[in-house]
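A.B. asks: Following this message is one structure expressed as structure tokens.
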Amino acid sequence: MSCFQGLLFCQDAASLLLHNFCIYHIDAPGHELGANVISSDDPLLSVDDLADQVVEVLDFFGLREVMCFGVTAGAYILTLFAMKYRERVLGLILVSPICKAPSWTEWLYNKVLMNLLYFYGMCGVLKECLLQRYFSKELRCGMHGAESDIIQACRRLLDERQSLNVMRFLHAINERHDLTEGFKKLQCKTLIFVGDCSPFHAESLYMSTKMDRKGCALVEVQACGSLVTEEHPYAMVVPIELFLMGFGFYRQKHFASSSSNGSNPASPSNRSCIAPELLSPESLGIKLKPIKTRVDIVI
């Protein structure tokens, strides 16, 4: 949940997303607030099990087709879900996604984190390791060495998680398999955001090159870590709006002057496109952080 608060509470994004769409949020097992420790008798879940659980949630709420929005490990799970259940996914919005099996370095690093979680819980060293994965160095250090509100809020949220439940989820992600071959099965359009300071930057770029160029757009955000949704949420608004236009959803007012009144999405008579020039830094406006784009598509 902490991966999306910055974006969803951003005024422009809220008028686009919260006012026009019904959002179902799925926590990893045992990661919801107030969760109990998962019994050690329960079997460890694989990434395929986690993807199958998404289907259970959709069936419970009677949802036939959805637009999936995931961050890092969540992006991996939803991409796998889209491969296994192609008819259920309209599109993917992925933030700093991973798609390969872990390298030996990452695998060993995750094992160290799991041991810390098991023996010491959500200790200070572990939180520092996770924060390095989430945010850029500039945000972590802050001005004059003072921590930003985002970092302090993230620390509090980490303290509220059950460390053994986090360990189980990290175990599933550490045993993930490579999705590259499955990209050929994907039939949905995909929008990828990645911060250029993210440790998953190279993998996100790799993923964008292996997907169908006619259905995938990449937006790189400068001076940003993995959680683009938290560090630079305003940089996501225009690309997301243009992406949704490709599905026939649009707001009658331009996002910069929009309000919650009269901005319901409607279906235009002609399908809209994501034009490469609309994703340029100049079009995104000078109030945003600089954005590099790699878009070779017409959607």
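Ordering of the structure tokens sets the chain letters (A, B, ...); residue numbers start at 1 within each chain; ligands are numbered from 1 in the order shown.
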Quick check for you: according to DSSP on this backbone, which residues of region 39-177 of chain A are classed as strand (DSSP E)? Reply as a list in words.
C.D. replies: Val66, Met67, Cys68, Phe69, Gly70, Val71, Val89, Leu90, Gly91, Leu92, Ile93, Leu94 and Val95 of chain A
A.B. asks: Going by DSSP on the backbone, which bits of region 156-233 of chain A are helix (DSSP H, G or I)? Write them as JSON, numbers by chain, please.
C.D. replies: {"A": [156, 157, 158, 159, 163, 164, 165, 166, 167, 168, 169, 170, 171, 172, 173, 174, 180, 181, 182, 183, 184, 185, 201, 202, 203, 204, 205, 206, 207, 208, 209, 210, 228, 229, 230, 231]}
A.B. asks: Find the distance between CA of Arg140 (chain A) and CA of Ile23 (chain A) and write it in Å to one decimal.
C.D. replies: 29.5 Å
A.B. asks: Taking only C-alpha atoms into account, which of A:Val228, A:Gly91, A:Glu138, A:Glu128 comes nearest Phe247 (chain A)?
C.D. replies: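 Closest residue, counting only C-alpha atoms: A:Gly91.
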